[in-house]
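Enquirer: Dropping the structure in here first, questions after.
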Amino acid sequence: MSVSGAVSEIVAERWVERTLAAYPAEILPFLSGEHDRFRNPVGQVIQESLTTLARELLGAMDNRATAPAIDALVRMRAVQDFSPSAALRFIFDLRPVIAEVCGEVTPQLESRIDELALMAFDRYLACREQIASLREKELRVRALSPAR
Amino acid sequence: MPETLVQIEQKAPRGDWRDPHVEFRKGSICYSAAAKNLGALSLPNPRAWQPMDADWKLPPDWKRIVLDGMKERLKKYRSFRLFMDICVRCGACADKCHFYLGSADPKNMPVVRAELMRSIYRRYFTLTGRLFGSLAGGRELTEDVIKEWFYYFYQCTECRRCSVFCPYGIDTAEITMMGRELLNLIGCNTNWVLEPAANCFRTGNHLGIQPHGFKDSIDFAAEEASEITGLDIEVPINRKGAEVLFVMPSADYFGTPHYYTLLGYLMLFREIGLDYTVSAYASEGGNFGLFSSHEMMKRLNAKIYDEARRLRVKWILGGECGHMWRVLHQYMDTMNGPADFLEVPVSPITGTVFENARSTRAVHICEFTADLIHHGTLKLDPRRNDHWIATYHDSCNPARAMGLLEEPRTILKSVCRNFHEMPENTIREQTFCCGSGAGLGTDENLEMRLRGGFPRANAVKYVKEKHGVNLLTCICAIDKATLPTLLEYWVPGVEVAGVHELLGNALVMTGEKERVADLRGELFAPEAHSVGSASEASHA
Ligand code: SF4
Ligand code: SF4
């Protein structure tokens with residue numbers, strides 16, 4: 001695929017914008033404007049993950065890059081105050097973004113988006129299961145303590 | 001298909017902050033306090049209820065109780081009235097709260113959290129608010145406001161990070177404390193706060209361990225420390241006339257990884273020949289009273305001092321605990337002090353006078369140990385910690401409430417050769433909270449804790465990737481209990497330990513047997529092997 005890095009950058013930029021729009025308006029300037037990754041971890045994870053995913057989607061689609069990027073973002077959204085559909089909506093925001101930037105969504109891109117969506121489902125469920133098992137583990141420890 | 005089944009939620013529901021409505025979702029709230037615990041502490045309105053219920057079964061005159069309570073406290077605590085009046089809404093604190101950063105919920109901005117209370121203050125306690133209501137920034141006090149308070153005041157860990165950035169020194173933690181006090185007046189409290197307080201009242205510690213159980217645990221630890229070192233280590237309990245009363249958080253003798261820190265203390269005390277005692281009555285350093293009301297905090301804090309008086313010790317040494325030090329350092333003196341029946345603490349080994357503890361007569365173990373190291377009185381072999389690449393999490397209370405920044409670092413750098421700091425804006429005074437303090441550290445609240453702990457974990461992840469860090473050290477019992485879960489989710493592969501655990505590993509004791517493993521039973525790194533009582537061991 002011969003789409004230049006510049007296109008992937010524009011895709012990433014608009015994708016980030018759309019994803020951030022799911023957060024309350026009061027926090028948007030901070031989420032998008034604060035670039036210190038320690039002062040603004042949520043904004044930075046969104047920025048970094050989506051930039052990587054856009055690059056891979058329009059490039060090599062290397063699993064070694066996409067998997068950690070999906071994990072970082074989904075892991076975070078899995079604990080924020082989102083329903084499952086809202087947590088994963090960002091993947092589906094890709095279609096309109098690509099159509100807007102590239103004019104059309106080719107069948108190859110369609111199937112790549114589907115692939116990312118399936119990866120995201122798997123990660124989301126894995127994270128939710130991990131939260132449940134971490135809770136269980138804490139409960140077991142608690143049960144050992146004398147008065148609880 | 002019914003329409004409700006095909007509806008997909010577009011966004012998390014949020015709106016204008018003045019709208020008090022909140023949704024209580026399981027997984028991100030703490031459950032209500034059991035009636036028996038309210039009973040044990042003589043608190044009002046014991047009943048069966050949960051935050052998810054529509055009817056909270058408030059007393060009929062709840063509104064009057066809350067407003068009267070507010071009036072009384074505005075008079076009693078000048079800081080409360082000041083904090084209600086002086087905020088200029090500059091926003092410097094807004095993006096400093098870990099809950100805000102992790103949840104992206106605007107009501108978690110410290111300024112808005114305070115505003116939830118301030119708007120009621122304005123409406124009922126200022127002239128303009130009484131006359132102009134919402135035009136003057138006031139809000140009616142409704143049941144929904146009570147629910148909102150409960151949600152957001154139990155979503156603040158009282159960590160005080162926001163206060164570091166406020167040009168007026170407004171301490172939102174104090175406002176949260178007032179909010180919780182008022183909620184307590186009408187029986188809206190959480191079990192994770194009240195059960196430890198009730199236990200402490202009954203048995204002397206949060207876990208409800210009775211004196212014989214306390215003795216068993218301490219004896220067990222002493223035996224294990226003896227086995228590890230080949231030395232005879234005994235721990236005096238309730239011994240009258242000892243020089244020092246040592247008070248630690250109960251998790252140290254009942255939790256993991258806290259327990260290894262306890263082994264570290266015991267070995268240190270044996271090595272320097274400290275004349276000390278522990279107590280089955282003052283068997284808790286922590287003070288969950290801090291998380292419900294000043295009155296409760298005072299009652300629990302008094303036990304430590306009563307015991308110090310009864311045992312006729314000279315001063316108090318305290319273990320690795322977080323909020324214990326907030327209470328001791330910032331409240332004890334006005335609540336139960338001055339402790340002038342005790343002596344100003346002096347290290348029996350180095351002769352250092354702990355001037356900073358002149359009024360409370362209580363010294364933090366890190367101050368004590370750092371002083372020993374500074375004077376070169378300990379023989380340490382840091383190679384015994386070569387299997388760890390450590391970083392240090394400044395536990396909020398010791399760091400921000402008592403300025404204990406250098407002492408733990410002095411110890412760590414002397415007992416371990418691989419130490420890397422996290423980024424500047426995430427440590428020391430600016431440290432990010434674990435997200436589980438102030439009584440939020442329960443399993444039912446795990447999602448909220450994971451949100452709140454995200455900024456901290458994010459910085460740990462950075463040093464793990466950059467330096468291969470595999471150990472997060474800290475000096476707070478709540479940290480040790482909750483950070484392992486946090487890290488397992490966000491940064492797998494990083495463990496949690498107390499500073500005195502690493503000290504226990506590195507401490508070369510007089511006459512000790514050859515040591516091949518650390519306090520967790522893990523073998524030392526190969527080159528650190530056979531250094532047992534080696535003569536080449538470094539003098540710190
Ligand atoms: S005290 Fe801590 S948890 Fe509470 S509002 Fe301030 S920063 Fe947030
Ligand atoms: S920094 Fe202080 S004055 Fe500014 S908004 Fe926050 S609490 Fe108010």
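Order determines the names: the first chain of the structure tokens is A, the second B, and so forth; residues in each chain are numbered 1 upward, and ligands are numbered 1 upward as they are shown.
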Would you name the residues within 10 Å of ligand 1, counting only C-alpha atoms and all ligand atoms, and put them as a VMD selection string?

Expert: chain B and resid 93 to 101 107 to 114 152 to 165 170 to 177 396 430 432 to 438 452

Enquirer: How would the residues just picked look written out with C-alpha atoms as a compact mmCIF listing (two decimals), in the first residue's frame?

Expert:
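The resulting file, part.txt, is shown below:
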```txt
# COMPACT_ATOMS: atom_id res chain seq x y z
CA CYS B 93 -5.55 22.52 41.13
CA ALA B 94 -7.91 21.30 38.43
CA ASP B 95 -5.65 18.85 36.61
CA LYS B 96 -3.65 17.71 39.64
CA CYS B 97 -5.95 15.03 41.03
CA HIS B 98 -5.17 11.45 40.07
CA PHE B 99 -8.88 10.62 40.03
CA TYR B 100 -9.52 13.40 37.56
CA LEU B 101 -6.55 12.34 35.44
CA LYS B 107 -16.35 16.49 39.12
CA ASN B 108 -13.04 15.01 40.17
CA MET B 109 -11.29 18.30 39.60
CA PRO B 110 -10.43 19.33 43.18
CA VAL B 111 -11.98 22.75 42.63
CA VAL B 112 -15.26 21.14 41.57
CA ARG B 113 -15.13 18.55 44.34
CA ALA B 114 -14.91 21.45 46.79
CA TYR B 152 -17.31 12.18 45.28
CA PHE B 153 -16.10 12.46 48.87
CA TYR B 154 -15.50 8.73 48.81
CA GLN B 155 -13.69 9.27 45.54
CA CYS B 156 -11.02 11.45 47.06
CA THR B 157 -8.12 9.77 48.82
CA GLU B 158 -7.38 12.85 50.89
CA CYS B 159 -3.92 12.70 49.34
CA ARG B 160 -3.46 16.51 49.25
CA ARG B 161 -1.67 16.60 45.91
CA CYS B 162 -4.01 19.38 44.79
CA SER B 163 -3.11 21.54 47.78
CA VAL B 164 0.54 21.64 46.68
CA PHE B 165 -0.48 23.61 43.61
CA ILE B 170 -6.61 25.35 49.99
CA ASP B 171 -6.56 21.75 51.08
CA THR B 172 -9.36 19.87 49.37
CA ALA B 173 -8.66 16.87 51.57
CA GLU B 174 -9.92 18.93 54.51
CA ILE B 175 -13.12 19.64 52.61
CA THR B 176 -13.53 15.95 51.86
CA MET B 177 -13.04 15.25 55.56
CA CYS B 396 1.33 10.64 50.14
CA GLN B 430 4.16 15.93 43.69
CA PHE B 432 0.80 10.51 42.69
CA CYS B 433 -1.43 8.67 45.13
CA CYS B 434 -1.89 4.90 44.92
CA GLY B 435 -5.59 5.64 44.40
CA SER B 436 -6.68 3.48 47.33
CA GLY B 437 -6.01 5.61 50.41
CA ALA B 438 -8.46 7.19 52.84
CA GLY B 452 -7.17 6.68 40.35
```

Enquirer: Residues of chain A within 7 Å of chain B, using only C-alpha atoms, as a list in words?

Expert: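 Written out as asked, the residues are Ala22, Tyr23, Pro24, Glu26, Ile27, Phe38, Asn40, Pro41, Val42, Val79, Gln80, Asp81, Phe82, Ser83, Ser85, Ala86, Leu134, Arg135, Glu138, Leu139, Ser145, Pro146 and Ala147 of chain A.
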
Enquirer: Next, write the just-selected residues to a file, as a PDB file, in the first residue's frame, keeping C-alpha atoms as the atom set.

Expert:
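The result, written out as selection_9.pdb:
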```
ATOM      1  CA  ALA A  22     -16.464  11.069  23.860  1.00  0.00           C
ATOM      2  CA  TYR A  23     -15.019  12.720  26.987  1.00  0.00           C
ATOM      3  CA  PRO A  24     -16.773  15.629  28.705  1.00  0.00           C
ATOM      4  CA  GLU A  26     -14.705  20.605  30.090  1.00  0.00           C
ATOM      5  CA  ILE A  27     -11.753  18.262  29.941  1.00  0.00           C
ATOM      6  CA  PHE A  38       2.917  12.091  33.202  1.00  0.00           C
ATOM      7  CA  ASN A  40      -1.857  13.798  31.109  1.00  0.00           C
ATOM      8  CA  PRO A  41      -1.664  10.019  30.900  1.00  0.00           C
ATOM      9  CA  VAL A  42      -5.121   9.530  29.407  1.00  0.00           C
ATOM     10  CA  VAL A  79     -11.806   0.846  33.730  1.00  0.00           C
ATOM     11  CA  GLN A  80     -13.222   4.225  32.787  1.00  0.00           C
ATOM     12  CA  ASP A  81     -16.900   4.989  33.115  1.00  0.00           C
ATOM     13  CA  PHE A  82     -17.871   3.586  29.681  1.00  0.00           C
ATOM     14  CA  SER A  83     -20.288   0.905  28.615  1.00  0.00           C
ATOM     15  CA  SER A  85     -19.913  -0.331  23.301  1.00  0.00           C
ATOM     16  CA  ALA A  86     -18.763   3.167  24.209  1.00  0.00           C
ATOM     17  CA  LEU A 134      -7.941  -9.454  40.798  1.00  0.00           C
ATOM     18  CA  ARG A 135     -11.035  -8.708  42.882  1.00  0.00           C
ATOM     19  CA  GLU A 138      -8.157  -9.568  47.100  1.00  0.00           C
ATOM     20  CA  LEU A 139     -11.288 -11.130  48.566  1.00  0.00           C
ATOM     21  CA  SER A 145      -7.685 -11.908  57.922  1.00  0.00           C
ATOM     22  CA  PRO A 146      -9.137 -12.570  61.352  1.00  0.00           C
ATOM     23  CA  ALA A 147     -12.068 -10.189  61.650  1.00  0.00           C
TER      24      ALA A 147
END
```

Enquirer: Enumerate the residues of region 188-246 of chain B with a DSSP assignment of helix (DSSP H, G or I), computed from the backbone, and present them as a PyMOL selection string.

Expert: chain B and resi 191-203+211-229

Enquirer: Please write out the residues within 6 Å of ligand 2 as a list in words, counting only C-alpha atoms and all ligand atoms.

Expert: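 Result of the 6 Å neighbour search around ligand 2: Cys87, Val88, Arg89, Cys90, Gly91, Ala92, Cys93, Val111, Cys166, Pro167, Tyr168 and Ile170 of chain B.
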
Enquirer: Keeping only N, CA, C and O atoms, take the residues you just selected and write them out as a PDB file, in the first residue's frame.

Expert:
```
ATOM      1  N   CYS B  87     -11.499  30.490  47.692  1.00  0.00           N
ATOM      2  CA  CYS B  87     -11.121  29.968  46.378  1.00  0.00           C
ATOM      3  C   CYS B  87     -11.480  30.971  45.283  1.00  0.00           C
ATOM      4  O   CYS B  87     -12.597  31.470  45.227  1.00  0.00           O
ATOM      5  N   VAL B  88     -10.498  31.277  44.409  1.00  0.00           N
ATOM      6  CA  VAL B  88     -10.767  32.235  43.337  1.00  0.00           C
ATOM      7  C   VAL B  88     -11.018  31.522  42.008  1.00  0.00           C
ATOM      8  O   VAL B  88     -11.066  32.141  40.961  1.00  0.00           O
ATOM      9  N   ARG B  89     -11.137  30.228  42.062  1.00  0.00           N
ATOM     10  CA  ARG B  89     -11.376  29.407  40.866  1.00  0.00           C
ATOM     11  C   ARG B  89     -10.349  29.676  39.771  1.00  0.00           C
ATOM     12  O   ARG B  89     -10.680  29.809  38.600  1.00  0.00           O
ATOM     13  N   CYS B  90      -9.074  29.696  40.190  1.00  0.00           N
ATOM     14  CA  CYS B  90      -8.012  29.936  39.216  1.00  0.00           C
ATOM     15  C   CYS B  90      -7.736  28.676  38.393  1.00  0.00           C
ATOM     16  O   CYS B  90      -7.166  28.745  37.319  1.00  0.00           O
ATOM     17  N   GLY B  91      -8.106  27.526  38.932  1.00  0.00           N
ATOM     18  CA  GLY B  91      -7.949  26.288  38.167  1.00  0.00           C
ATOM     19  C   GLY B  91      -6.584  25.629  38.293  1.00  0.00           C
ATOM     20  O   GLY B  91      -6.319  24.607  37.665  1.00  0.00           O
ATOM     21  N   ALA B  92      -5.701  26.186  39.136  1.00  0.00           N
ATOM     22  CA  ALA B  92      -4.364  25.596  39.255  1.00  0.00           C
ATOM     23  C   ALA B  92      -4.418  24.159  39.778  1.00  0.00           C
ATOM     24  O   ALA B  92      -3.563  23.337  39.465  1.00  0.00           O
ATOM     25  N   CYS B  93      -5.443  23.866  40.554  1.00  0.00           N
ATOM     26  CA  CYS B  93      -5.547  22.525  41.129  1.00  0.00           C
ATOM     27  C   CYS B  93      -6.268  21.558  40.191  1.00  0.00           C
ATOM     28  O   CYS B  93      -6.220  20.340  40.380  1.00  0.00           O
ATOM     29  N   VAL B 111     -11.187  21.526  42.477  1.00  0.00           N
ATOM     30  CA  VAL B 111     -11.980  22.747  42.632  1.00  0.00           C
ATOM     31  C   VAL B 111     -13.475  22.436  42.533  1.00  0.00           C
ATOM     32  O   VAL B 111     -14.281  22.994  43.275  1.00  0.00           O
ATOM     33  N   CYS B 166      -2.165  24.829  44.893  1.00  0.00           N
ATOM     34  CA  CYS B 166      -3.096  25.936  45.115  1.00  0.00           C
ATOM     35  C   CYS B 166      -2.349  27.149  45.675  1.00  0.00           C
ATOM     36  O   CYS B 166      -1.701  27.048  46.709  1.00  0.00           O
ATOM     37  N   PRO B 167      -2.439  28.304  45.019  1.00  0.00           N
ATOM     38  CA  PRO B 167      -1.720  29.485  45.505  1.00  0.00           C
ATOM     39  C   PRO B 167      -2.208  29.934  46.884  1.00  0.00           C
ATOM     40  O   PRO B 167      -1.499  30.644  47.587  1.00  0.00           O
ATOM     41  N   TYR B 168      -3.403  29.523  47.274  1.00  0.00           N
ATOM     42  CA  TYR B 168      -3.937  29.915  48.583  1.00  0.00           C
ATOM     43  C   TYR B 168      -3.792  28.804  49.619  1.00  0.00           C
ATOM     44  O   TYR B 168      -4.241  28.948  50.745  1.00  0.00           O
ATOM     45  N   ILE B 170      -5.349  26.026  49.677  1.00  0.00           N
ATOM     46  CA  ILE B 170      -6.609  25.352  49.989  1.00  0.00           C
ATOM     47  C   ILE B 170      -6.383  23.845  49.924  1.00  0.00           C
ATOM     48  O   ILE B 170      -5.829  23.334  48.963  1.00  0.00           O
TER      49      ILE B 170
END
```

Enquirer: I want to know what sits within 12 Å of Gln108 (chain A), based on only C-alpha atoms, with residues of the same chain fewer than 2 positions away left out; could you give that as a list of chain:residue names?

Expert: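 Listed by chain and then number, they are A:Met1, A:Leu57, A:Leu58, A:Gly59, A:Met61, A:Glu104, A:Val105, A:Thr106, A:Glu110, A:Ser111, A:Arg112, A:Ile113, A:Asp114, A:Glu115.
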
Enquirer: How far is it from CA of Gln330 (chain B) to CA of Tyr31 (chain B), in Å with one decimal?

Expert: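 If I compute the distance from CA of Gln330 (chain B) to CA of Tyr31 (chain B), I get 29.1 Å.
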
Enquirer: With only C-alpha atoms as the counted atoms, please give the residues lying no more than 10 Å from region 5-10 of chain A, apart from itself and same-chain residues fewer than 6 positions off, as a list in words.

Expert: Val16, Leu50, Thr51, Thr52, Leu53, Ala54, Arg55, Glu56, Leu57, Leu58, Gly59, Val97, Ile98, Val101 and Cys102 of chain A

Enquirer: Distance table requested - region 112-220 of chain B against region 232-240 of chain B, cut-off 9 Å, only C-alpha atoms: one row per qualifying residue with the closest atom pair and its distance in Å to one decimal, ordered by chain and rising residue number, as a tab-separated table.

Expert:
```
residue	atom	partner	partner_atom	distance
B:Lys215	CA	B:Ile237	CA	7.6
B:Ile218	CA	B:Val235	CA	7.2
B:Asp219	CA	B:Val235	CA	7.1
```

Enquirer: Between CA of Asp518 (chain B) and CA of Asn505 (chain B), what is the distance, to one decimal in Å?

Expert: 5.5 Å

Enquirer: Of the candidates A:Ala60, A:Leu109, A:Ala99, A:Ala117, which one gets nearest to Val74 (chain A) if we count only C-alpha atoms?

Expert: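 Selected residue with least distance to Val74 (chain A): A:Ala117.
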
Enquirer: Which of these residues is nearest to Glu140 (chain B), using only C-alpha atoms: B:Pro408, B:Gly504, B:Pro20, B:Gly453?

Expert: B:Pro20

Enquirer: Calculate how many Å separate CA of Ala370 (chain B) from CA of Lys461 (chain B), rounding to one decimal.

Expert: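 Taking CA of Ala370 (chain B) as the start and CA of Lys461 (chain B) as the end point, the length is 28.2 Å.
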
Enquirer: For Ala78 (chain A), which residue among A:Arg37, A:Ala21, A:Glu13, A:Ile131 is the nearest when counting only C-alpha atoms?

Expert: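 Nearest to Ala78 (chain A): A:Ile131.
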
Enquirer: So which one's closest to Gln130 (chain A), A:Ala87, A:Gln44, A:Asp62, A:Arg75? Using only C-alpha atoms, please.

Expert: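 That would be A:Arg75, the residue with the smallest distance to Gln130 (chain A).
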
Enquirer: Name all residues at most 10 Å from Asp71 (chain A) (count only C-alpha atoms; drop same-chain ones fewer than 5 positions away) and give them as a list in words.

Expert: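 Here the answer would be Ser49, Thr66, Met76, Arg77, Met119, Ala120, Asp122, Arg123, Tyr124, Ala126 and Cys127 of chain A.
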
Enquirer: Using N, CA and C atoms, can you export the residues from the last selection as a JSON list (two decimals), in the first residue's frame?

Expert:
```json
[["chain", "number", "residue", "atom", "x", "y", "z"],
["A", 49, "SER", "N", -1.44, 5.57, 21.09],
["A", 49, "SER", "CA", -2.02, 4.33, 20.55],
["A", 49, "SER", "C", -2.63, 4.57, 19.18],
["A", 66, "THR", "N", 0.62, -3.33, 16.61],
["A", 66, "THR", "CA", -0.80, -3.09, 16.87],
["A", 66, "THR", "C", -1.25, -3.66, 18.22],
["A", 76, "MET", "N", -7.14, 0.94, 29.41],
["A", 76, "MET", "CA", -7.54, 2.17, 30.08],
["A", 76, "MET", "C", -9.05, 2.38, 30.00],
["A", 77, "ARG", "N", -9.59, 2.19, 28.81],
["A", 77, "ARG", "CA", -11.02, 2.44, 28.65],
["A", 77, "ARG", "C", -11.87, 1.39, 29.37],
["A", 119, "MET", "N", -9.57, -7.68, 17.59],
["A", 119, "MET", "CA", -8.50, -7.64, 18.59],
["A", 119, "MET", "C", -8.96, -6.86, 19.82],
["A", 120, "ALA", "N", -9.62, -5.73, 19.56],
["A", 120, "ALA", "CA", -10.07, -4.88, 20.66],
["A", 120, "ALA", "C", -11.10, -5.60, 21.53],
["A", 122, "ASP", "N", -11.32, -8.81, 22.03],
["A", 122, "ASP", "CA", -10.58, -9.79, 22.83],
["A", 122, "ASP", "C", -9.89, -9.12, 24.02],
["A", 123, "ARG", "N", -9.25, -7.98, 23.76],
["A", 123, "ARG", "CA", -8.52, -7.31, 24.84],
["A", 123, "ARG", "C", -9.49, -6.80, 25.90],
["A", 124, "TYR", "N", -10.59, -6.26, 25.43],
["A", 124, "TYR", "CA", -11.57, -5.71, 26.38],
["A", 124, "TYR", "C", -12.03, -6.81, 27.34],
["A", 126, "ALA", "N", -10.56, -9.62, 27.99],
["A", 126, "ALA", "CA", -9.44, -10.08, 28.83],
["A", 126, "ALA", "C", -9.25, -9.12, 30.01],
["A", 127, "CYS", "N", -9.34, -7.82, 29.76],
["A", 127, "CYS", "CA", -9.15, -6.85, 30.84],
["A", 127, "CYS", "C", -10.26, -6.98, 31.89]]
```
